[in-house]
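File shown: structure_21.cif. Contents: mmCIF, C-alpha atoms.
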data_coords
#
loop_
_atom_site.group_PDB
_atom_site.id
_atom_site.type_symbol
_atom_site.label_atom_id
_atom_site.label_comp_id
_atom_site.auth_asym_id
_atom_site.auth_seq_id
_atom_site.Cartn_x
_atom_site.Cartn_y
_atom_site.Cartn_z
ATOM 1 C CA MET A 185 193.345 83.023 202.344
ATOM 2 C CA ASN A 186 191.229 79.929 202.683
ATOM 3 C CA ASP A 187 188.840 81.817 204.943
ATOM 4 C CA LYS A 188 188.384 84.536 202.316
ATOM 5 C CA LYS A 189 187.768 81.948 199.636
ATOM 6 C CA GLN A 190 185.152 80.196 201.697
ATOM 7 C CA ILE A 191 183.446 83.475 202.433
ATOM 8 C CA ALA A 192 183.406 84.365 198.706
ATOM 9 C CA ILE A 193 181.913 80.969 197.830
ATOM 10 C CA ALA A 194 179.266 81.328 200.495
ATOM 11 C CA ILE A 195 178.366 84.797 199.263
ATOM 12 C CA GLY A 196 178.188 83.519 195.665
ATOM 13 C CA VAL A 197 175.898 80.682 196.647
ATOM 14 C CA MET A 198 173.668 83.086 198.533
ATOM 15 C CA CYS A 199 173.525 85.416 195.487
ATOM 16 C CA VAL A 200 172.531 82.499 193.263
ATOM 17 C CA LEU A 201 169.870 81.394 195.708
ATOM 18 C CA LEU A 202 168.619 84.960 196.098
ATOM 19 C CA THR A 203 168.576 85.455 192.333
ATOM 20 C CA SER A 204 166.692 82.212 191.859
ATOM 21 C CA ALA A 205 164.202 83.232 194.502
ATOM 22 C CA ILE A 206 163.692 86.597 192.828
ATOM 23 C CA VAL A 207 163.158 84.963 189.432
ATOM 24 C CA VAL A 208 160.655 82.525 190.875
ATOM 25 C CA GLN A 209 158.858 85.365 192.628
ATOM 26 C CA LEU A 210 158.716 87.447 189.458
ATOM 27 C CA ASN A 211 157.298 84.506 187.475
ATOM 28 C CA THR A 212 154.733 83.901 190.186
ATOM 29 C CA ILE A 213 153.719 87.582 190.159
ATOM 30 C CA LYS A 214 153.509 87.552 186.362
ATOM 31 C CA GLU A 215 151.269 84.504 186.302
ATOM 32 C CA ALA A 216 149.192 85.875 189.105
ATOM 33 C CA THR A 217 148.860 89.159 187.248
ATOM 34 C CA LYS A 218 147.854 87.299 184.081
ATOM 35 C CA ILE A 219 145.244 85.298 185.956
ATOM 36 C CA VAL A 220 143.926 88.393 187.727
ATOM 37 C CA GLY A 221 143.826 90.334 184.432
ATOM 38 C CA THR A 222 141.963 87.520 182.718
ATOM 39 C CA SER A 223 139.559 87.340 185.633
ATOM 40 C CA TYR A 224 138.969 91.085 185.455
ATOM 41 C CA ALA A 225 138.426 90.885 181.688
ATOM 42 C CA GLU A 226 135.973 88.023 182.008
ATOM 43 C CA GLN A 227 134.156 89.850 184.767
ATOM 44 C CA GLY A 228 134.005 92.970 182.619
ATOM 45 C CA LEU A 229 132.508 90.987 179.745
ATOM 46 C CA LYS A 230 129.989 89.427 182.082
ATOM 47 C CA ASP A 231 129.037 92.857 183.388
ATOM 48 C CA GLU A 232 128.715 94.182 179.850
ATOM 49 C CA VAL A 233 126.519 91.226 178.834
ATOM 50 C CA LEU A 234 124.340 91.776 181.865
ATOM 51 C CA ARG A 235 123.989 95.447 181.005
ATOM 52 C CA TRP A 236 122.980 94.626 177.424
ATOM 53 C CA LYS A 237 120.529 92.053 178.675
ATOM 54 C CA GLU A 238 118.990 94.544 181.057
ATOM 55 C CA ASN A 239 118.786 97.137 178.257
ATOM 56 C CA SER A 240 117.199 94.604 175.910
ATOM 57 C CA GLU A 241 114.633 93.606 178.501
ATOM 58 C CA SER A 242 113.897 97.270 179.161
ATOM 59 C CA LEU A 243 113.512 98.018 175.434
ATOM 60 C CA TYR A 244 111.306 94.970 174.933
ATOM 61 C CA LYS A 245 109.103 96.065 177.796
ATOM 62 C CA THR A 246 108.911 99.565 176.335
ATOM 63 C CA LEU A 247 108.021 98.074 172.957
ATOM 64 C CA GLU A 248 105.216 96.015 174.504
ATOM 65 C CA GLU A 249 103.869 99.095 176.305
ATOM 66 C CA THR A 250 104.073 101.122 173.084
ATOM 67 C CA GLU A 251 102.206 98.453 171.132
ATOM 68 C CA GLU A 252 99.509 98.380 173.801
ATOM 69 C CA GLU A 253 99.150 102.172 173.636
ATOM 70 C CA LEU A 254 99.069 102.007 169.849
ATOM 71 C CA GLU A 255 96.305 99.414 169.969
ATOM 72 C CA LYS A 256 94.321 101.636 172.332
ATOM 73 C CA VAL A 257 94.753 104.567 169.959
ATOM 74 C CA ARG A 258 93.607 102.398 167.036
ATOM 75 C CA LEU A 259 90.508 101.304 168.926
ATOM 76 C CA GLU A 260 89.723 104.868 169.970
ATOM 77 C CA ALA A 261 90.272 106.076 166.405
ATOM 78 C CA THR A 262 87.915 103.371 165.126
ATOM 79 C CA GLN A 263 85.292 104.348 167.687
ATOM 80 C CA GLU A 264 85.748 108.038 166.895
ATOM 81 C CA ASN A 265 85.422 107.317 163.179
ATOM 82 C CA GLY A 266 82.213 105.410 163.875
ATOM 83 C CA ARG A 267 80.905 108.251 166.001
ATOM 84 C CA GLY A 268 82.037 110.736 163.356
ATOM 85 C CA THR A 269 80.065 108.853 160.726
ATOM 86 C CA GLU A 270 76.990 108.881 162.947
ATOM 87 C CA LEU A 271 77.340 112.632 163.485
ATOM 88 C CA GLU A 272 77.756 113.223 159.761
ATOM 89 C CA GLU A 273 74.608 111.232 159.025
ATOM 90 C CA GLU A 274 72.712 113.081 161.741
ATOM 91 C CA LEU A 275 73.898 116.447 160.418
ATOM 92 C CA SER A 276 72.953 115.410 156.880
ATOM 93 C CA ASN A 277 69.432 114.510 158.011
ATOM 94 C CA ILE A 278 69.095 117.792 159.880
ATOM 95 C CA ASN A 279 70.219 119.737 156.807
ATOM 96 C CA LYS A 280 67.648 117.874 154.722
ATOM 97 C CA LEU A 281 64.881 118.789 157.147
ATOM 98 C CA LEU A 282 66.038 122.413 157.301
ATOM 99 C CA GLY A 283 66.158 122.611 153.523
ATOM 100 C CA LEU A 284 69.906 123.246 153.366
ATOM 101 C CA THR A 285 70.595 120.322 151.013
ATOM 102 C CA GLU A 286 69.627 119.766 147.393
ATOM 103 C CA LEU A 287 67.443 116.679 147.172
ATOM 104 C CA THR A 288 66.438 114.279 144.413
ATOM 105 C CA GLY A 289 63.623 111.746 144.419
ATOM 106 C CA SER A 290 60.251 110.754 143.095
ATOM 107 C CA GLY A 291 57.117 112.831 143.503
ATOM 108 C CA VAL A 292 54.879 115.195 141.542
ATOM 109 C CA ILE A 293 55.192 118.458 139.645
ATOM 110 C CA VAL A 294 52.230 120.816 139.868
ATOM 111 C CA THR A 295 52.142 123.795 137.504
ATOM 112 C CA LEU A 296 49.762 126.687 138.194
ATOM 113 C CA SER A 297 49.340 129.235 135.413
ATOM 114 C CA ASP A 298 47.330 132.367 134.822
ATOM 115 C CA ASN A 299 44.658 131.915 132.156
ATOM 116 C CA ASN A 300 45.934 134.471 129.639
ATOM 117 C CA ASN A 301 43.258 133.508 127.154
ATOM 118 C CA VAL A 302 40.685 135.384 129.193
ATOM 119 C CA THR A 303 40.474 139.175 129.170
ATOM 120 C CA SER A 304 38.338 141.524 131.167
ATOM 121 C CA GLU A 305 36.579 142.625 127.971
ATOM 122 C CA GLY A 306 35.381 139.106 127.315
ATOM 123 C CA LEU A 307 33.947 138.568 130.805
ATOM 124 C CA SER A 308 30.417 139.166 131.964
ATOM 125 C CA ILE A 309 29.589 141.541 134.779
ATOM 126 C CA GLU A 310 29.296 138.647 137.227
ATOM 127 C CA GLU A 311 32.732 137.230 136.392
ATOM 128 C CA ASP A 312 35.978 138.401 138.028
ATOM 129 C CA ILE A 313 39.239 138.445 136.105
ATOM 130 C CA ASN A 314 41.111 137.701 139.353
ATOM 131 C CA SER A 315 39.695 134.176 139.404
ATOM 132 C CA TYR A 316 41.768 133.415 136.311
ATOM 133 C CA VAL A 317 45.009 134.544 137.990
ATOM 134 C CA VAL A 318 47.160 132.581 140.437
ATOM 135 C CA HIS A 319 47.315 134.222 143.871
ATOM 136 C CA ASP A 320 49.450 133.704 146.921
ATOM 137 C CA GLU A 321 46.610 131.931 148.735
ATOM 138 C CA ASP A 322 46.402 129.472 145.825
ATOM 139 C CA LEU A 323 50.059 128.553 146.238
ATOM 140 C CA ILE A 324 49.714 128.288 150.008
ATOM 141 C CA SER A 325 46.655 126.029 149.729
ATOM 142 C CA VAL A 326 48.271 123.693 147.192
ATOM 143 C CA VAL A 327 51.497 123.523 149.227
ATOM 144 C CA ASN A 328 49.540 122.678 152.370
ATOM 145 C CA GLU A 329 47.690 119.894 150.550
ATOM 146 C CA LEU A 330 51.008 118.484 149.327
ATOM 147 C CA TYR A 331 52.454 118.533 152.845
ATOM 148 C CA ASN A 332 49.305 116.841 154.160
ATOM 149 C CA ALA A 333 49.749 114.184 151.469
ATOM 150 C CA GLY A 334 53.277 113.429 152.726
ATOM 151 C CA ALA A 335 55.568 115.761 150.773
ATOM 152 C CA GLU A 336 59.096 115.733 152.241
ATOM 153 C CA ALA A 337 60.525 118.666 150.281
ATOM 154 C CA ILE A 338 58.918 121.369 148.133
ATOM 155 C CA SER A 339 60.145 124.178 145.910
ATOM 156 C CA ILE A 340 58.338 126.815 143.840
ATOM 157 C CA ASN A 341 60.130 128.158 140.767
ATOM 158 C CA GLY A 342 63.484 127.136 142.300
ATOM 159 C CA GLN A 343 62.752 128.565 145.750
ATOM 160 C CA ARG A 344 62.991 125.930 148.489
ATOM 161 C CA LEU A 345 60.248 126.138 151.057
ATOM 162 C CA VAL A 346 61.499 126.080 154.654
ATOM 163 C CA SER A 347 60.023 126.880 158.047
ATOM 164 C CA THR A 348 60.643 130.614 157.594
ATOM 165 C CA THR A 349 59.388 130.859 153.992
ATOM 166 C CA ALA A 350 56.770 133.546 153.392
ATOM 167 C CA ILE A 351 54.502 133.538 150.316
ATOM 168 C CA THR A 352 53.052 136.992 149.794
ATOM 169 C CA CYS A 353 51.364 138.890 146.973
ATOM 170 C CA SER A 354 51.940 142.464 145.869
ATOM 171 C CA GLY A 355 49.742 143.395 142.950
ATOM 172 C CA THR A 356 50.310 140.830 140.220
ATOM 173 C CA VAL A 357 53.661 139.697 141.627
ATOM 174 C CA ILE A 358 54.116 136.933 144.185
ATOM 175 C CA THR A 359 57.128 137.005 146.499
ATOM 176 C CA ILE A 360 58.675 133.815 147.947
ATOM 177 C CA ASN A 361 61.734 133.939 150.223
ATOM 178 C CA GLY A 362 62.043 137.608 149.277
ATOM 179 C CA ILE A 363 62.256 136.772 145.559
ATOM 180 C CA LYS A 364 59.631 138.135 143.155
ATOM 181 C CA LEU A 365 58.115 135.447 140.906
ATOM 182 C CA ASN A 366 55.626 135.417 138.064
ATOM 183 C CA SER A 367 53.261 132.866 136.523
ATOM 184 C CA PRO A 368 53.577 130.055 135.668
ATOM 185 C CA PHE A 369 54.441 128.592 139.078
ATOM 186 C CA GLU A 370 56.094 125.181 139.041
ATOM 187 C CA ILE A 371 55.709 123.385 142.354
ATOM 188 C CA ARG A 372 58.097 120.439 142.777
ATOM 189 C CA ALA A 373 57.293 118.052 145.623
ATOM 190 C CA ILE A 374 59.308 114.977 146.657
ATOM 191 C CA GLY A 375 57.415 112.110 148.255
ATOM 192 C CA ASN A 376 55.303 109.109 147.372
ATOM 193 C CA PRO A 377 53.952 109.959 143.880
ATOM 194 C CA GLU A 378 50.654 108.151 144.426
ATOM 195 C CA SER A 379 50.024 109.888 147.745
ATOM 196 C CA LEU A 380 50.982 113.308 146.417
ATOM 197 C CA TYR A 381 48.859 112.884 143.302
ATOM 198 C CA SER A 382 45.834 112.547 145.597
ATOM 199 C CA ILE A 383 45.582 116.355 145.578
ATOM 200 C CA GLU A 384 43.777 115.809 142.267
ATOM 201 C CA ARG A 385 40.876 114.312 144.205
ATOM 202 C CA THR A 386 37.312 115.380 143.592
ATOM 203 C CA GLY A 387 36.409 118.394 145.708
ATOM 204 C CA GLY A 388 40.052 119.245 146.363
ATOM 205 C CA TYR A 389 41.590 122.685 145.947
ATOM 206 C CA ILE A 390 43.030 121.810 142.539
ATOM 207 C CA GLU A 391 39.538 121.107 141.215
ATOM 208 C CA LEU A 392 38.247 124.387 142.654
ATOM 209 C CA MET A 393 41.042 126.299 140.901
ATOM 210 C CA ARG A 394 40.199 124.697 137.575
ATOM 211 C CA GLN A 395 36.542 125.517 138.063
ATOM 212 C CA GLY A 396 37.563 129.108 138.737
ATOM 213 C CA GLY A 397 39.429 129.280 135.459
ATOM 214 C CA THR A 398 43.064 128.811 136.516
ATOM 215 C CA ILE A 399 45.192 126.408 134.470
ATOM 216 C CA VAL A 400 46.566 123.524 136.575
ATOM 217 C CA GLU A 401 48.653 120.548 135.505
ATOM 218 C CA THR A 402 49.831 117.727 137.794
ATOM 219 C CA VAL A 403 52.266 115.025 136.669
ATOM 220 C CA LYS A 404 54.100 112.227 138.467
ATOM 221 C CA SER A 405 57.858 111.914 138.137
ATOM 222 C CA ASN A 406 60.577 109.544 139.346
ATOM 223 C CA ASN A 407 63.309 112.139 138.986
ATOM 224 C CA ILE A 408 62.575 115.409 140.744
ATOM 225 C CA THR A 409 65.275 117.740 142.031
ATOM 226 C CA VAL A 410 64.474 120.247 144.745
ATOM 227 C CA PRO A 411 67.209 122.872 145.272
ATOM 228 C CA LYS A 412 68.558 123.814 148.666
ATOM 229 C CA PHE A 413 67.467 126.949 150.488
ATOM 230 C CA SER A 414 69.761 129.777 149.393
ATOM 231 C CA GLY A 415 68.823 132.277 152.059
ATOM 232 C CA THR A 416 69.750 132.616 155.740
ATOM 233 C CA LEU A 417 67.819 130.969 158.545
ATOM 234 C CA PRO A 418 67.274 133.549 161.322
ATOM 235 C CA SER A 419 68.222 132.684 164.893
ATOM 236 C CA LYS A 420 68.173 136.087 166.576
ATOM 237 C CA TYR A 421 65.955 135.155 169.495
ATOM 238 C CA MET A 422 66.647 131.451 169.841
ATOM 239 C CA LYS A 423 68.990 130.064 172.497
ATOM 240 C CA ASN A 424 69.561 126.790 174.257
ATOM 241 C CA ALA A 425 67.274 125.995 177.194
ATOM 242 C CA GLU A 426 69.104 125.847 180.522
#

Output the structure of this file as structure tokens.
Amino acid sequence: MNDKKQIAIAIGVMCVLLTSAIVVQLNTIKEATKIVGTSYAEQGLKDEVLRWKENSESLYKTLEETEEELEKVRLEATQENGRGTELEEELSNINKLLGLTELTGSGVIVTLSDNNNVTSEGLSIEEDINSYVVHDEDLISVVNELYNAGAEAISINGQRLVSTTAITCSGTVITINGIKLNSPFEIRAIGNPESLYSIERTGGYIELMRQGGTIVETVKSNNITVPKFSGTLPSKYMKNAE
């Protein structure tokens, strides 16, 4: 009986010790798990922070590169705008020279008119009624004198004179740029008024026309408008040189 009691006590003590050991072990595992979990959490946060930092650095770098590209585009756009302005000015000057632009400036207005006060019945045998009428060669001669005096743009009765303009006569009608015109003929020339007015010089063509009986009037003006050429400039046979 005593032996059984001693054995029971020994077993009870062993159970208590074993239970205590298990409890201690469980607490140790719990703490260890808590520490490990906290460590993992902290490490995860660190990793996340690093990832955000890397993303931020990458975005900042991309932003810098984008700003640099934008600045390049701005500079190129500025240069292109400058070049575009130069091309526009060049094209404008070319159009002026070709007669494709309406122009305004100072110059002279020369009006050539038939002398309607003279009739063939009132003329002597030696006189010719044609000398009192404006002809195509009269217009051509006056225009050439104006160009020689520095005229930059000329029109006759609203027809702009260009490199392809033809002044021809058919009977009593003069044709300019394919348009039939009658007297009086108003020649508008833009240029230095003093220089252009020199066509009124002694011995010039204007004086000869007056002596022949044609009516001529020349006036200076600070506000002359010459219309643009309304026709088509031919380019059938022209091509760029190779």

Check which residues satisfy the PyMOL selection byres ((chain A and resi 411) around 10) in the file shown, then give them as a PDB file with C-alpha atoms, in the frame of the given file.
ATOM      1  CA  GLY A 283      66.158 122.611 153.523  1.00  0.00           C
ATOM      2  CA  LEU A 284      69.906 123.246 153.366  1.00  0.00           C
ATOM      3  CA  THR A 285      70.595 120.322 151.013  1.00  0.00           C
ATOM      4  CA  GLU A 286      69.627 119.766 147.393  1.00  0.00           C
ATOM      5  CA  LEU A 287      67.443 116.679 147.172  1.00  0.00           C
ATOM      6  CA  THR A 288      66.438 114.279 144.413  1.00  0.00           C
ATOM      7  CA  ALA A 337      60.525 118.666 150.281  1.00  0.00           C
ATOM      8  CA  ILE A 338      58.918 121.369 148.133  1.00  0.00           C
ATOM      9  CA  SER A 339      60.145 124.178 145.910  1.00  0.00           C
ATOM     10  CA  ILE A 340      58.338 126.815 143.840  1.00  0.00           C
ATOM     11  CA  ASN A 341      60.130 128.158 140.767  1.00  0.00           C
ATOM     12  CA  GLY A 342      63.484 127.136 142.300  1.00  0.00           C
ATOM     13  CA  GLN A 343      62.752 128.565 145.750  1.00  0.00           C
ATOM     14  CA  ARG A 344      62.991 125.930 148.489  1.00  0.00           C
ATOM     15  CA  LEU A 345      60.248 126.138 151.057  1.00  0.00           C
ATOM     16  CA  ARG A 372      58.097 120.439 142.777  1.00  0.00           C
ATOM     17  CA  ILE A 408      62.575 115.409 140.744  1.00  0.00           C
ATOM     18  CA  THR A 409      65.275 117.740 142.031  1.00  0.00           C
ATOM     19  CA  VAL A 410      64.474 120.247 144.745  1.00  0.00           C
ATOM     20  CA  LYS A 412      68.558 123.814 148.666  1.00  0.00           C
ATOM     21  CA  PHE A 413      67.467 126.949 150.488  1.00  0.00           C
ATOM     22  CA  SER A 414      69.761 129.777 149.393  1.00  0.00           C
TER      23      SER A 414
END

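For the point (53.9, 110.4, 138.6), the residues with at least one atom inside 10 Å, counting only C-alpha atoms, are Ser290, Gly291, Val292, Ile293, Asn376, Pro377, Glu378, Ser379, Leu380, Tyr381, Thr402, Val403, Lys404, Ser405, Asn406 and Asn407 of chain A.
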
message: Is it possible to get the residues within 12 Å of (59.1, 139.9, 145.4) (coordinates as in the file, counting only C-alpha atoms) written as a ChimeraX atom specification?
response: /A:320,343,350-366

Write out, as a short mmCIF file (atom, residue, chain, number, x, y, z; two decimals), keeping the file's coordinate frame, the residues just selected, with C-alpha atoms.
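Output file out01.cif is given in full below:
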data_model
loop_
_atom_site.label_atom_id
_atom_site.label_comp_id
_atom_site.auth_asym_id
_atom_site.auth_seq_id
_atom_site.Cartn_x
_atom_site.Cartn_y
_atom_site.Cartn_z
CA ASP A 320 49.45 133.70 146.92
CA GLN A 343 62.75 128.56 145.75
CA ALA A 350 56.77 133.55 153.39
CA ILE A 351 54.50 133.54 150.32
CA THR A 352 53.05 136.99 149.79
CA CYS A 353 51.36 138.89 146.97
CA SER A 354 51.94 142.46 145.87
CA GLY A 355 49.74 143.40 142.95
CA THR A 356 50.31 140.83 140.22
CA VAL A 357 53.66 139.70 141.63
CA ILE A 358 54.12 136.93 144.18
CA THR A 359 57.13 137.00 146.50
CA ILE A 360 58.68 133.82 147.95
CA ASN A 361 61.73 133.94 150.22
CA GLY A 362 62.04 137.61 149.28
CA ILE A 363 62.26 136.77 145.56
CA LYS A 364 59.63 138.14 143.16
CA LEU A 365 58.12 135.45 140.91
CA ASN A 366 55.63 135.42 138.06
#

task: Record the distance separating atom CA of A:Leu392 and atom CA of A:Phe369, expressed in Å with one decimal.
output: 17.1 Å

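Of the listed residues A:Ile324, A:Glu274, A:Thr269, A:Lys256, the one whose atoms come nearest to A:Thr349 is A:Ile324, with distances taken using only C-alpha atoms.
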
- line: Using only C-alpha atoms, the shortest atom-to-atom distance to A:Asn332 among A:Leu282, A:Met422, A:Met393, A:Ala373 belongs to A:Ala373

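For the pair atom CA of A:Ile383 and atom CA of A:Asp298, the separation is 19.4 Å.
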
query: Expressed in Å to a single decimal, how great is the separation between atom CA of A:Ala333 and atom CA of A:Gly396?
result: 23.1 Å
